[in-house]
file work_29.tsv (TSV, C-alpha atoms (C1' of nucleotides))
chain	number	residue	atom	x	y	z
A	10	MET	CA	137.40	74.41	-79.35
A	11	ASP	CA	134.63	73.87	-81.88
A	12	ASP	CA	136.01	73.99	-85.39
A	13	GLU	CA	132.95	75.55	-87.00
A	14	LEU	CA	133.08	78.36	-84.46
A	15	ARG	CA	136.78	78.88	-85.07
A	16	GLN	CA	136.10	79.30	-88.76
A	17	LYS	CA	133.31	81.79	-88.14
A	18	ILE	CA	135.51	83.86	-85.89
A	19	TYR	CA	138.35	83.94	-88.39
A	20	ALA	CA	135.88	84.81	-91.12
A	21	PHE	CA	134.84	87.78	-88.99
A	22	ILE	CA	138.46	88.78	-88.45
A	23	GLU	CA	139.21	88.55	-92.15
A	24	LYS	CA	136.08	90.44	-93.13
A	25	LYS	CA	137.10	93.28	-90.82
A	26	GLY	CA	140.53	93.39	-92.45
A	27	LEU	CA	142.22	92.43	-89.18
A	28	ARG	CA	145.36	90.36	-88.99
A	29	LYS	CA	145.85	86.89	-87.62
A	30	THR	CA	148.46	87.13	-84.87
A	31	VAL	CA	149.73	84.51	-82.46
A	32	GLN	CA	148.42	86.58	-79.55
A	33	ARG	CA	144.93	86.82	-81.01
A	34	GLU	CA	144.95	83.11	-81.72
A	35	ALA	CA	145.86	82.38	-78.13
A	36	ILE	CA	143.20	84.73	-76.79
A	37	ILE	CA	140.51	83.28	-79.06
A	38	GLN	CA	141.53	79.76	-78.11
A	39	ALA	CA	141.39	80.66	-74.42
A	40	ALA	CA	138.09	82.48	-74.84
A	41	PHE	CA	136.21	79.66	-76.55
A	42	CYS	CA	137.77	76.40	-75.38
A	43	THR	CA	135.62	76.59	-72.25
A	44	ASN	CA	131.98	76.89	-71.25
A	45	ASP	CA	132.87	78.80	-68.12
A	46	HIS	CA	132.30	82.48	-67.72
A	47	TYR	CA	135.33	84.64	-67.03
A	48	THR	CA	136.59	88.13	-66.34
A	49	ALA	CA	139.19	89.99	-68.39
A	50	GLU	CA	141.84	89.15	-65.82
A	51	GLU	CA	140.97	85.45	-65.92
A	52	LEU	CA	141.15	85.45	-69.70
A	53	ILE	CA	144.62	86.97	-69.51
A	54	LEU	CA	145.79	84.04	-67.41
A	55	LYS	CA	144.17	81.47	-69.69
A	56	ALA	CA	145.60	83.09	-72.82
A	57	ARG	CA	149.07	83.28	-71.28
A	58	ALA	CA	148.92	79.55	-70.51
A	59	ILE	CA	148.68	79.08	-74.28
A	60	ASP	CA	151.11	81.80	-75.32
A	61	SER	CA	153.11	83.46	-72.58
A	62	THR	CA	153.76	86.59	-74.66
A	63	VAL	CA	150.13	87.73	-74.49
A	64	SER	CA	149.97	91.08	-72.75
A	65	ARG	CA	147.19	92.55	-70.65
A	66	ALA	CA	146.75	95.36	-73.19
A	67	THR	CA	146.19	92.96	-76.07
A	68	VAL	CA	143.54	91.05	-74.17
A	69	TYR	CA	141.76	94.30	-73.32
A	70	ARG	CA	141.99	95.28	-76.99
A	71	THR	CA	140.76	91.91	-78.23
A	72	LEU	CA	137.78	91.52	-75.92
A	73	PRO	CA	135.71	94.27	-77.59
A	74	LEU	CA	136.43	92.68	-80.96
A	75	LEU	CA	135.08	89.33	-79.84
A	76	VAL	CA	132.03	91.00	-78.35
A	77	GLU	CA	131.51	92.89	-81.61
A	78	SER	CA	131.69	89.60	-83.48
A	79	GLY	CA	128.67	88.47	-81.50
A	80	PHE	CA	130.24	85.20	-80.41
A	81	LEU	CA	131.20	86.48	-76.99
A	82	LYS	CA	128.83	88.42	-74.78
A	83	GLU	CA	129.27	90.53	-71.72
A	84	ILE	CA	126.75	89.34	-69.16
A	85	ASP	CA	125.47	90.84	-65.94
A	86	LEU	CA	125.69	88.42	-63.06
A	87	GLY	CA	125.66	91.19	-60.51
A	88	LYS	CA	129.35	90.67	-59.82
A	89	GLU	CA	131.71	93.57	-59.43
A	90	HIS	CA	133.80	92.78	-62.50
A	91	LYS	CA	132.61	92.46	-66.07
A	92	THR	CA	131.88	88.84	-66.91
A	93	TYR	CA	132.10	87.29	-70.36
A	94	ASP	CA	130.07	84.32	-71.62
A	95	PRO	CA	131.38	82.25	-74.57
A	96	ASN	CA	128.27	80.06	-74.84
A	97	PHE	CA	126.12	82.30	-77.00
A	98	ALA	CA	127.78	80.90	-80.10
A	99	ASN	CA	126.13	77.54	-79.42
A	100	GLN	CA	123.04	78.68	-77.54
A	101	PRO	CA	122.16	82.14	-78.82
A	102	HIS	CA	119.07	82.54	-76.65
A	103	HIS	CA	120.08	81.30	-73.25
A	104	ASN	CA	119.47	83.08	-69.97
A	105	HIS	CA	121.00	82.87	-66.51
A	106	LEU	CA	119.86	81.64	-63.15
A	107	ILE	CA	122.20	82.53	-60.29
A	108	CYS	CA	122.11	80.30	-57.24
A	109	THR	CA	121.94	82.43	-54.10
A	110	ASP	CA	123.23	79.46	-52.08
A	111	CYS	CA	126.38	78.37	-53.93
A	112	HIS	CA	126.61	81.22	-56.48
A	113	ARG	CA	126.76	78.85	-59.41
A	114	VAL	CA	125.23	80.02	-62.64
A	115	ILE	CA	122.77	77.78	-64.48
A	116	GLU	CA	122.09	78.52	-68.13
A	117	PHE	CA	118.62	77.84	-69.47
A	118	GLU	CA	116.60	78.38	-72.61
A	119	ASP	CA	112.85	78.75	-72.80
A	120	ALA	CA	110.81	79.30	-75.93
A	121	HIS	CA	107.75	80.54	-74.03
A	122	ILE	CA	109.60	83.35	-72.37
A	123	GLU	CA	111.03	84.37	-75.74
A	124	THR	CA	107.55	84.52	-77.21
A	125	LEU	CA	106.20	86.47	-74.28
A	126	GLU	CA	109.04	88.98	-74.46
A	127	ASP	CA	108.30	89.50	-78.14
A	128	CYS	CA	104.60	90.05	-77.37
A	129	ILE	CA	105.32	92.60	-74.68
A	130	THR	CA	107.76	94.40	-76.90
A	131	LYS	CA	105.31	94.63	-79.79
A	132	ARG	CA	102.52	95.73	-77.48
A	133	LEU	CA	104.72	98.63	-76.42
A	134	GLY	CA	105.25	99.58	-80.06
A	135	PHE	CA	108.75	98.23	-80.50
A	136	SER	CA	110.54	95.56	-82.49
A	137	PRO	CA	112.69	93.29	-80.32
A	138	LYS	CA	116.44	93.25	-80.90
A	139	ALA	CA	117.94	91.61	-77.82
A	140	LYS	CA	116.43	90.09	-74.72
A	141	MET	CA	117.83	88.86	-71.46
A	142	VAL	CA	116.45	87.33	-68.30
A	143	ARG	CA	118.29	86.95	-65.05
A	144	ILE	CA	116.90	85.01	-62.13
A	145	GLU	CA	118.37	84.81	-58.66
A	146	ALA	CA	117.06	81.80	-56.79
A	147	SER	CA	117.68	79.52	-53.90
A	148	CYS	CA	118.52	75.85	-54.53
A	149	ASN	CA	115.94	73.45	-53.03
A	150	GLN	CA	118.45	70.61	-52.75
A	151	PHE	CA	120.96	72.84	-51.05
A	152	GLN	CA	118.36	74.12	-48.60
A	153	ARG	CA	117.38	70.59	-47.61
A	154	PHE	CA	120.68	68.76	-47.65
A	155	GLY	CA	123.27	71.48	-47.29
A	156	LYS	CA	124.72	70.68	-50.69
A	157	CYS	CA	123.78	69.94	-54.27
A	158	GLU	CA	125.44	68.07	-57.11
A	159	ARG	CA	124.33	70.36	-59.86
A	160	LYS	CA	126.85	71.36	-62.47
A	161	GLY	CA	126.97	75.05	-63.20
A	162	THR	CA	129.12	77.64	-64.84
A	163	GLY	CA	131.23	80.11	-62.94
B	11	MET	CA	109.00	112.97	-52.68
B	12	ASP	CA	106.39	110.47	-51.51
B	13	ASP	CA	105.82	110.82	-47.78
B	14	GLU	CA	105.10	107.16	-47.13
B	15	LEU	CA	108.37	106.25	-48.80
B	16	ARG	CA	110.25	108.84	-46.76
B	17	GLN	CA	108.91	107.29	-43.59
B	18	LYS	CA	109.88	103.81	-44.67
B	19	ILE	CA	113.40	104.92	-45.45
B	20	TYR	CA	113.83	106.67	-42.12
B	21	ALA	CA	112.40	103.63	-40.39
B	22	PHE	CA	115.13	101.60	-42.09
B	23	ILE	CA	117.79	104.11	-41.01
B	24	GLU	CA	116.58	104.07	-37.45
B	25	LYS	CA	116.33	100.30	-37.31
B	26	LYS	CA	119.95	100.06	-38.45
B	27	GLY	CA	120.99	102.44	-35.67
B	28	LEU	CA	122.17	105.01	-38.21
B	29	ARG	CA	122.00	108.73	-37.66
B	30	LYS	CA	119.90	111.32	-39.41
B	31	THR	CA	122.27	113.87	-40.91
B	32	VAL	CA	121.62	116.82	-43.19
B	33	GLN	CA	123.80	115.22	-45.86
B	34	ARG	CA	121.87	111.96	-45.78
B	35	GLU	CA	118.61	113.86	-45.91
B	36	ALA	CA	119.75	115.74	-48.99
B	37	ILE	CA	120.96	112.55	-50.68
B	38	ILE	CA	117.72	110.70	-49.92
B	39	GLN	CA	115.69	113.64	-51.15
B	40	ALA	CA	117.72	113.80	-54.35
B	41	ALA	CA	117.55	110.05	-54.82
B	42	PHE	CA	113.78	109.71	-54.54
B	43	CYS	CA	112.27	113.00	-55.71
B	44	THR	CA	112.61	111.80	-59.30
B	45	ASN	CA	111.58	108.89	-61.49
B	46	ASP	CA	114.71	109.19	-63.61
B	47	HIS	CA	117.58	106.79	-63.40
B	48	TYR	CA	120.95	108.22	-62.45
B	49	THR	CA	124.62	107.47	-61.88
B	50	ALA	CA	126.52	108.15	-58.67
B	51	GLU	CA	128.00	111.27	-60.21
B	52	GLU	CA	124.57	112.59	-61.21
B	53	LEU	CA	123.26	111.96	-57.73
B	54	ILE	CA	126.13	113.98	-56.29
B	55	LEU	CA	125.05	116.96	-58.38
B	56	LYS	CA	121.39	116.59	-57.45
B	57	ALA	CA	122.19	116.22	-53.76
B	58	ARG	CA	124.48	119.26	-53.83
B	59	ALA	CA	121.69	121.30	-55.37
B	60	ILE	CA	119.79	120.60	-52.15
B	61	ASP	CA	122.70	120.89	-49.74
B	62	SER	CA	125.97	122.16	-51.13
B	63	THR	CA	128.04	120.58	-48.36
B	64	VAL	CA	127.38	117.02	-49.61
B	65	SER	CA	130.66	115.41	-50.53
B	66	ARG	CA	131.39	112.78	-53.12
B	67	ALA	CA	132.50	110.36	-50.40
B	68	THR	CA	129.24	110.63	-48.52
B	69	VAL	CA	127.21	109.92	-51.61
B	70	TYR	CA	129.34	106.87	-52.36
B	71	ARG	CA	128.88	105.77	-48.75
B	72	THR	CA	125.14	106.36	-48.77
B	73	LEU	CA	124.33	104.63	-52.05
B	74	PRO	CA	125.01	101.11	-50.74
B	75	LEU	CA	122.80	101.87	-47.75
B	76	LEU	CA	119.89	102.83	-49.96
B	77	VAL	CA	120.42	99.74	-52.09
B	78	GLU	CA	120.50	97.63	-48.94
B	79	SER	CA	117.23	99.20	-47.85
B	80	GLY	CA	115.67	97.75	-50.99
B	81	PHE	CA	114.12	101.05	-52.09
B	82	LEU	CA	116.87	101.82	-54.57
B	83	LYS	CA	118.19	99.29	-57.04
B	84	GLU	CA	121.23	99.12	-59.21
B	85	ILE	CA	120.08	98.24	-62.71
B	86	ASP	CA	121.92	97.05	-65.78
B	87	LEU	CA	121.14	99.14	-68.82
B	88	GLY	CA	124.34	98.13	-70.55
B	89	LYS	CA	125.83	101.54	-69.91
B	90	GLU	CA	129.39	101.98	-68.80
B	91	HIS	CA	128.54	103.46	-65.40
B	92	LYS	CA	126.43	101.94	-62.68
B	93	THR	CA	122.85	103.15	-62.94
B	94	TYR	CA	120.40	103.46	-60.08
B	95	ASP	CA	116.62	103.18	-60.31
B	96	PRO	CA	114.43	104.78	-57.58
B	97	ASN	CA	111.15	103.39	-58.94
B	98	PHE	CA	111.19	99.98	-57.32
B	99	ALA	CA	109.65	101.45	-54.18
B	100	ASN	CA	106.44	102.09	-56.12
B	101	GLN	CA	106.66	99.35	-58.73
B	102	PRO	CA	108.59	96.49	-57.17
B	103	HIS	CA	108.34	94.19	-60.19
B	104	HIS	CA	109.05	96.39	-63.16
B	105	ASN	CA	111.43	95.61	-65.98
B	106	HIS	CA	113.23	97.68	-68.60
B	107	LEU	CA	112.99	98.12	-72.32
B	108	ILE	CA	115.82	100.13	-73.84
B	109	CYS	CA	115.10	101.92	-77.11
B	110	THR	CA	117.91	101.27	-79.57
B	111	ASP	CA	116.85	104.36	-81.53
B	112	CYS	CA	116.71	107.11	-78.92
B	113	HIS	CA	118.17	105.22	-75.93
B	114	ARG	CA	115.23	106.04	-73.71
B	115	VAL	CA	114.28	103.48	-71.13
B	116	ILE	CA	110.67	102.31	-70.84
B	117	GLU	CA	109.61	100.61	-67.65
B	118	PHE	CA	106.98	97.89	-67.85
B	119	GLU	CA	105.35	95.29	-65.65
B	120	ASP	CA	103.90	92.01	-66.80
B	121	ALA	CA	102.26	89.42	-64.60
B	122	HIS	CA	102.59	86.65	-67.20
B	123	ILE	CA	106.33	86.95	-67.43
B	124	GLU	CA	106.54	86.85	-63.64
B	125	THR	CA	104.55	83.63	-63.57
B	126	LEU	CA	106.61	82.09	-66.32
B	127	GLU	CA	109.85	82.99	-64.57
B	128	ASP	CA	108.58	81.33	-61.41
B	129	CYS	CA	107.65	78.19	-63.36
B	130	ILE	CA	111.04	77.96	-65.02
B	131	THR	CA	112.79	78.49	-61.72
B	132	LYS	CA	110.79	75.76	-59.97
B	133	ARG	CA	111.28	73.37	-62.87
B	134	LEU	CA	115.03	73.80	-62.40
B	135	GLY	CA	114.68	72.94	-58.72
B	136	PHE	CA	115.00	76.44	-57.30
B	137	SER	CA	112.90	78.94	-55.39
B	138	PRO	CA	112.82	82.37	-57.00
B	139	LYS	CA	114.29	85.33	-55.11
B	140	ALA	CA	114.77	88.08	-57.69
B	141	LYS	CA	114.01	88.34	-61.38
B	142	MET	CA	114.85	90.82	-64.06
B	143	VAL	CA	114.14	91.18	-67.74
B	144	ARG	CA	115.88	93.57	-70.08
B	145	ILE	CA	114.76	94.10	-73.64
B	146	GLU	CA	116.54	96.12	-76.28
B	147	ALA	CA	114.22	97.10	-79.07
B	148	SER	CA	113.71	99.44	-81.95
B	149	CYS	CA	110.87	101.99	-81.83
B	150	ASN	CA	108.33	101.52	-84.64
B	151	GLN	CA	107.26	105.17	-84.55
B	152	PHE	CA	110.83	106.34	-84.70
B	153	GLN	CA	111.62	104.02	-87.60
B	154	ARG	CA	108.69	105.35	-89.62
B	155	PHE	CA	108.69	109.02	-88.75
B	156	GLY	CA	112.19	109.71	-87.53
B	157	LYS	CA	110.92	110.63	-84.08
B	158	CYS	CA	108.56	109.55	-81.34
B	159	GLU	CA	106.73	111.34	-78.55
B	160	ARG	CA	107.07	108.61	-76.01
B	161	LYS	CA	108.04	109.55	-72.49
B	162	GLY	CA	110.81	107.48	-71.03
B	163	THR	CA	113.29	107.46	-68.22
B	164	GLY	CA	116.97	108.21	-68.68
C	23	DT	C1'	156.97	97.50	-97.83
C	24	DT	C1'	153.70	99.36	-95.10
C	25	DA	C1'	149.82	99.47	-92.23
C	26	DA	C1'	148.29	97.12	-88.29
C	27	DA	C1'	149.31	94.93	-83.88
C	28	DT	C1'	152.01	94.42	-79.86
C	29	DG	C1'	154.21	95.22	-75.08
C	30	DC	C1'	155.33	98.37	-71.87
C	31	DA	C1'	154.50	101.76	-68.75
C	32	DA	C1'	152.11	105.77	-67.82
C	33	DA	C1'	147.46	107.82	-67.74
C	34	DT	C1'	142.73	107.77	-66.75
C	35	DT	C1'	138.65	107.26	-64.06
C	36	DA	C1'	135.25	105.37	-60.88
C	37	DT	C1'	135.20	104.13	-56.39
C	38	DT	C1'	137.15	103.36	-51.69
C	39	DT	C1'	139.54	104.48	-47.56
C	40	DG	C1'	142.33	106.65	-43.51
C	41	DC	C1'	142.08	110.21	-40.64
C	42	DA	C1'	141.13	114.38	-38.02
C	43	DG	C1'	137.46	117.26	-37.00
C	44	DA	C1'	132.21	117.89	-36.70
C	45	DA	C1'	127.83	116.54	-35.14
C	46	DG	C1'	123.85	113.41	-33.76
C	47	DC	C1'	121.82	111.18	-29.78
D	29	DG	C1'	130.46	112.26	-23.88
D	30	DC	C1'	130.70	108.86	-26.81
D	31	DT	C1'	130.22	107.16	-31.21
D	32	DT	C1'	129.01	107.79	-35.76
D	33	DC	C1'	129.42	110.67	-39.76
D	34	DT	C1'	131.65	113.85	-42.66
D	35	DG	C1'	135.00	116.13	-45.97
D	36	DC	C1'	139.33	115.95	-47.68
D	37	DA	C1'	142.86	114.05	-50.07
D	38	DA	C1'	145.37	110.10	-50.96
D	39	DA	C1'	144.93	105.22	-52.34
D	40	DT	C1'	143.13	101.61	-55.13
D	41	DA	C1'	142.10	98.99	-59.11
D	42	DA	C1'	140.14	98.11	-63.65
D	43	DT	C1'	140.72	99.67	-68.05
D	44	DT	C1'	142.69	102.66	-71.69
D	45	DT	C1'	146.21	104.86	-74.25
D	46	DG	C1'	150.76	106.83	-76.35
D	47	DC	C1'	154.62	105.35	-78.36
D	48	DA	C1'	158.50	102.81	-80.09
D	49	DT	C1'	159.06	98.32	-81.95
D	50	DT	C1'	157.57	94.14	-84.16
D	51	DT	C1'	155.09	91.57	-87.44
D	52	DA	C1'	151.49	90.02	-90.82
D	53	DA	C1'	150.25	90.36	-95.47

call {"tool": "encode", "arguments": {"input": "work_29.tsv", "output": "C-alpha cells"}}
result
Amino acid sequence: MDDELRQKIYAFIEKKGLRKTVQREAIIQAAFCTNDHYTAEELILKARAIDSTVSRATVYRTLPLLVESGFLKEIDLGKEHKTYDPNFANQPHHNHLICTDCHRVIEFEDAHIETLEDCITKRLGFSPKAKMVRIEASCNQFQRFGKCERKGTG
Amino acid sequence: MDDELRQKIYAFIEKKGLRKTVQREAIIQAAFCTNDHYTAEELILKARAIDSTVSRATVYRTLPLLVESGFLKEIDLGKEHKTYDPNFANQPHHNHLICTDCHRVIEFEDAHIETLEDCITKRLGFSPKAKMVRIEASCNQFQRFGKCERKGTG
DNA sequence: TTAAATGCAAATTATTTGCAGAAGC
DNA sequence: GCTTCTGCAAATAATTTGCATTTAA
C-alpha cells in the first residue's frame, strides 16, 4: 500500500478525532493494497486475512468513513451489490468502461470529456461538483477471437 | 400516457407471450403517465391509486419486465433505493444532473458528449452499447438567491 | 480514566419466492 | 382447459443497531 496514501488516511482519521485500532488498520490495509474493486463482503474476507478478529459490523462501520474521506468511492457498475473503488486516490478523475463480453472493468481518464461536462454544467446554470461516466461496450478482440488479453479490474 | 408508447409496450408483452392483466395495466399506466422518477415502493402506491388490488409482489415482478422492454430504466442517482426513469422512451439518450442544493434532477441531452464517448470507446478497442453520464452540481441561482425556479424531476 | 470502538446477535428493510386460488387466452 | 398470473405470507439477504465489553489515548 502506497505510503503517502496511508499517511493521508491517518491524517483524516486523526483530524476527525477517531482512534487508530488494529481492526481499522487491517481494513484500511485491505481496502487500499489492491487496485481491484470489491464489495463489503469481499472486503471483510480481505481484512480478516490480515487480522482475523475483524468483524462484519466493523467493516460496515468503517466503509462509510473511508468513503467520507474521499479516498474510497462507491461506484455503480450495474451489479446487484454495492461496489467500492480504491483507485480514486491515485486517479481522481477516472471513469469506467464495462465489457459486456467478459464483464471486466476498464478504467480510463479523458480530459476532453471532463471539459465538455463542465461546459454542459455551466450552460445549465450550475457549478460542477462531481462527474461520472459509465460506458458498457463490447470488446472487438473478444468478438473476433473469442478471447482477449486485456487486463481489467473486477 | 402516450398512446404510441402504450402500443409499443403491449407489443412487447404480446411478443413475449405474456398476458394482459388488470394489474399489469395499472402498473404500466402508473409507470408511464409521469415524467418523474420513482422507487418500487412509490410505484406500488401509484399503481394502487389506479387499481387497488395491485400487490407489492406483482409490482416487483413487473418492474424487471418493463426494464427488459427497454422503455423503463433503472438509474443511479446515488440514492439508497433503486430509482426508475420512464423518460427513456421519449429521450433515449438523456443524462442526469443532480442539484446538490435542492436535490432536483435535471435531464439533459448532448450530442457532443455522445460522440466523445463513442471515440473513447473505440480508442480502447470496444464497440459502445450503453453510455451514461451523471453530474452533481451546485445551482448558481440557488447559491445567489437562496432559491431557484427551475423545474426538475424527482 | 473515560470516551470511543468492537463483536455479537438480534433487528431492520428491500426484495424474492412458494403456493393455492384466480383469470387470461 | 391449460397455463400464466396473482396475492399472501414466509423467506432471503444485505446492512444496521443495541448493548456489554474492550481498548486507545

call {"tool": "residues_around", "arguments": {"input": "work_29.tsv", "residues": "DG40 (chain C)", "least_positions_apart": "6", "cutoff": "10 Å", "atoms": "all atoms listed in the file", "output": "list of chain:residue names"}}
result
D:DA37, D:DA38, D:DA39

call {"tool": "write_last_selection", "arguments": {"input": "work_29.tsv", "atoms": "C-alpha atoms (C1' of nucleotides)", "output": "JSON list (two decimals), in the frame of the given file"}}
result
[["chain", "number", "residue", "atom", "x", "y", "z"],
["D", 37, "DA", "C1'", 142.86, 114.05, -50.07],
["D", 38, "DA", "C1'", 145.37, 110.10, -50.96],
["D", 39, "DA", "C1'", 144.93, 105.22, -52.34]]

call {"tool": "interface_residues", "arguments": {"input": "work_29.tsv", "of": "chain A", "to": "chain B", "cutoff": "7 Å", "atoms": "only C-alpha atoms", "output": "PyMOL selection string"}}
result
chain A and resi 122+125+134-149

call {"tool": "closest_atom_pairs", "arguments": {"input": "work_29.tsv", "of": "chain C", "to": "chain A", "cutoff": "12 Å", "atoms": "all atoms listed in the file", "output": "tab-separated table"}}
result
residue	atom	partner	partner_atom	distance
C:DA25	C1'	A:Arg28	CA	10.6
C:DA26	C1'	A:Arg28	CA	7.4
C:DA27	C1'	A:Thr30	CA	7.9
C:DT28	C1'	A:Thr67	CA	7.1
C:DG29	C1'	A:Ser64	CA	6.4
C:DC30	C1'	A:Ser64	CA	9.1
C:DA31	C1'	A:Ala66	CA	11.0
C:DT37	C1'	A:Glu89	CA	11.5

call {"tool": "closest_atom_pairs", "arguments": {"input": "work_29.tsv", "of": "chain D", "to": "chain A", "cutoff": "12 Å", "atoms": "all atoms listed in the file", "output": "CSV"}}
result
residue,atom,partner,partner_atom,distance
D:DA41,C1',A:His90,CA,10.9
D:DA42,C1',A:His90,CA,8.4
D:DT43,C1',A:Tyr69,CA,7.6
D:DT44,C1',A:Ala66,CA,8.5
D:DT45,C1',A:Ala66,CA,9.6
D:DT50,C1',A:Thr30,CA,11.5
D:DT51,C1',A:Thr30,CA,8.4
D:DA52,C1',A:Arg28,CA,6.4
D:DA53,C1',A:Arg28,CA,8.1

call {"tool": "residues_around", "arguments": {"input": "work_29.tsv", "residues": "region 53-61 of chain B", "least_positions_apart": "6", "cutoff": "12 Å", "atoms": "only C-alpha atoms (C1' of nucleotides)", "output": "short mmCIF file (atom, residue, chain, number, x, y, z; two decimals) with C-alpha atoms, in the coordinates of the input"}}
result
data_model
loop_
_atom_site.label_atom_id
_atom_site.label_comp_id
_atom_site.auth_asym_id
_atom_site.auth_seq_id
_atom_site.Cartn_x
_atom_site.Cartn_y
_atom_site.Cartn_z
CA THR B 31 122.27 113.87 -40.91
CA VAL B 32 121.62 116.82 -43.19
CA GLN B 33 123.80 115.22 -45.86
CA ARG B 34 121.87 111.96 -45.78
CA GLU B 35 118.61 113.86 -45.91
CA ALA B 36 119.75 115.74 -48.99
CA ILE B 37 120.96 112.55 -50.68
CA ILE B 38 117.72 110.70 -49.92
CA GLN B 39 115.69 113.64 -51.15
CA ALA B 40 117.72 113.80 -54.35
CA ALA B 41 117.55 110.05 -54.82
CA PHE B 42 113.78 109.71 -54.54
CA CYS B 43 112.27 113.00 -55.71
CA THR B 44 112.61 111.80 -59.30
CA ASP B 46 114.71 109.19 -63.61
CA HIS B 47 117.58 106.79 -63.40
CA ALA B 67 132.50 110.36 -50.40
CA THR B 68 129.24 110.63 -48.52
CA VAL B 69 127.21 109.92 -51.61
CA TYR B 70 129.34 106.87 -52.36
CA ARG B 71 128.88 105.77 -48.75
CA THR B 72 125.14 106.36 -48.77
CA LEU B 73 124.33 104.63 -52.05
CA LYS B 92 126.43 101.94 -62.68
CA THR B 93 122.85 103.15 -62.94
CA TYR B 94 120.40 103.46 -60.08
CA ASP B 95 116.62 103.18 -60.31
CA PRO B 96 114.43 104.78 -57.58
#

call {"tool": "atom_distance", "arguments": {"input": "work_29.tsv", "atom1": "CA of Ser79 (chain B)", "atom2": "C1' of DT35 (chain C)"}}
result
28.0 Å

call {"tool": "atom_distance", "arguments": {"input": "work_29.tsv", "atom1": "CA of Arg16 (chain B)", "atom2": "CA of Tyr48 (chain B)"}}
result
19.0 Å

call {"tool": "atom_distance", "arguments": {"input": "work_29.tsv", "atom1": "CA of Glu90 (chain B)", "atom2": "CA of Asp111 (chain B)"}}
result
18.0 Å

call {"tool": "residues_around", "arguments": {"input": "work_29.tsv", "residues": "Leu15 (chain B)", "least_positions_apart": "3", "cutoff": "10 Å", "atoms": "only C-alpha atoms (C1' of nucleotides)", "output": "list of chain:residue names"}}
result
B:Met11, B:Asp12, B:Lys18, B:Ile19, B:Tyr20, B:Ala21, B:Phe42, B:Phe81, B:Ala99, B:Asn100

call {"tool": "residues_around", "arguments": {"input": "work_29.tsv", "residues": "DT31 (chain D)", "least_positions_apart": "2", "cutoff": "10 Å", "atoms": "all atoms listed in the file", "output": "PDB file with C-alpha atoms (C1' of nucleotides), keeping the file's coordinate frame"}}
result
ATOM      1  C1'  DG C  46     123.850 113.410 -33.760  1.00  0.00           C
ATOM      2  C1'  DC C  47     121.820 111.180 -29.780  1.00  0.00           C
TER       3       DC C  47
ATOM      4  C1'  DG D  29     130.460 112.260 -23.880  1.00  0.00           C
ATOM      5  C1'  DC D  33     129.420 110.670 -39.760  1.00  0.00           C
TER       6       DC D  33
END

call {"tool": "axis_aligned_box", "arguments": {"input": "work_29.tsv", "around": "region 44-53 of chain D", "padding_each_side": "3 Å", "output": "JSON"}}
result
{"center_x": 150.9, "center_y": 98.4, "center_z": -83.6, "size_x": 22.4, "size_y": 22.8, "size_z": 29.8}

call {"tool": "build_atoms", "arguments": {"input": "work_29.tsv", "residues": "region 106-115 of chain A", "atoms": "N, CA, C and O atoms", "output": "PDB file, in the coordinates of the input"}}
result
ATOM      1  N   LEU A 106     120.391  81.747 -64.504  1.00  0.00           N
ATOM      2  CA  LEU A 106     119.860  81.640 -63.150  1.00  0.00           C
ATOM      3  C   LEU A 106     121.061  81.582 -62.208  1.00  0.00           C
ATOM      4  O   LEU A 106     121.965  80.761 -62.391  1.00  0.00           O
ATOM      5  N   ILE A 107     121.088  82.465 -61.228  1.00  0.00           N
ATOM      6  CA  ILE A 107     122.200  82.530 -60.290  1.00  0.00           C
ATOM      7  C   ILE A 107     121.760  81.956 -58.964  1.00  0.00           C
ATOM      8  O   ILE A 107     120.780  82.429 -58.369  1.00  0.00           O
ATOM      9  N   CYS A 108     122.464  80.942 -58.500  1.00  0.00           N
ATOM     10  CA  CYS A 108     122.110  80.300 -57.240  1.00  0.00           C
ATOM     11  C   CYS A 108     122.549  81.183 -56.076  1.00  0.00           C
ATOM     12  O   CYS A 108     123.719  81.511 -55.944  1.00  0.00           O
ATOM     13  N   THR A 109     121.598  81.562 -55.241  1.00  0.00           N
ATOM     14  CA  THR A 109     121.940  82.430 -54.100  1.00  0.00           C
ATOM     15  C   THR A 109     122.605  81.619 -52.979  1.00  0.00           C
ATOM     16  O   THR A 109     123.110  82.197 -52.030  1.00  0.00           O
ATOM     17  N   ASP A 110     122.590  80.296 -53.096  1.00  0.00           N
ATOM     18  CA  ASP A 110     123.230  79.460 -52.080  1.00  0.00           C
ATOM     19  C   ASP A 110     124.708  79.210 -52.400  1.00  0.00           C
ATOM     20  O   ASP A 110     125.567  79.457 -51.569  1.00  0.00           O
ATOM     21  N   CYS A 111     124.977  78.716 -53.621  1.00  0.00           N
ATOM     22  CA  CYS A 111     126.380  78.370 -53.930  1.00  0.00           C
ATOM     23  C   CYS A 111     126.953  79.264 -55.024  1.00  0.00           C
ATOM     24  O   CYS A 111     128.088  79.081 -55.435  1.00  0.00           O
ATOM     25  N   HIS A 112     126.167  80.235 -55.504  1.00  0.00           N
ATOM     26  CA  HIS A 112     126.610  81.220 -56.480  1.00  0.00           C
ATOM     27  C   HIS A 112     126.965  80.638 -57.844  1.00  0.00           C
ATOM     28  O   HIS A 112     127.587  81.311 -58.668  1.00  0.00           O
ATOM     29  N   ARG A 113     126.569  79.388 -58.078  1.00  0.00           N
ATOM     30  CA  ARG A 113     126.760  78.850 -59.410  1.00  0.00           C
ATOM     31  C   ARG A 113     125.768  79.472 -60.363  1.00  0.00           C
ATOM     32  O   ARG A 113     124.713  79.970 -59.959  1.00  0.00           O
ATOM     33  N   VAL A 114     126.105  79.442 -61.641  1.00  0.00           N
ATOM     34  CA  VAL A 114     125.230  80.020 -62.640  1.00  0.00           C
ATOM     35  C   VAL A 114     124.707  78.898 -63.536  1.00  0.00           C
ATOM     36  O   VAL A 114     125.491  78.128 -64.081  1.00  0.00           O
ATOM     37  N   ILE A 115     123.395  78.795 -63.644  1.00  0.00           N
ATOM     38  CA  ILE A 115     122.770  77.780 -64.480  1.00  0.00           C
ATOM     39  C   ILE A 115     122.258  78.471 -65.741  1.00  0.00           C
ATOM     40  O   ILE A 115     121.558  79.477 -65.651  1.00  0.00           O
TER      41      ILE A 115
END
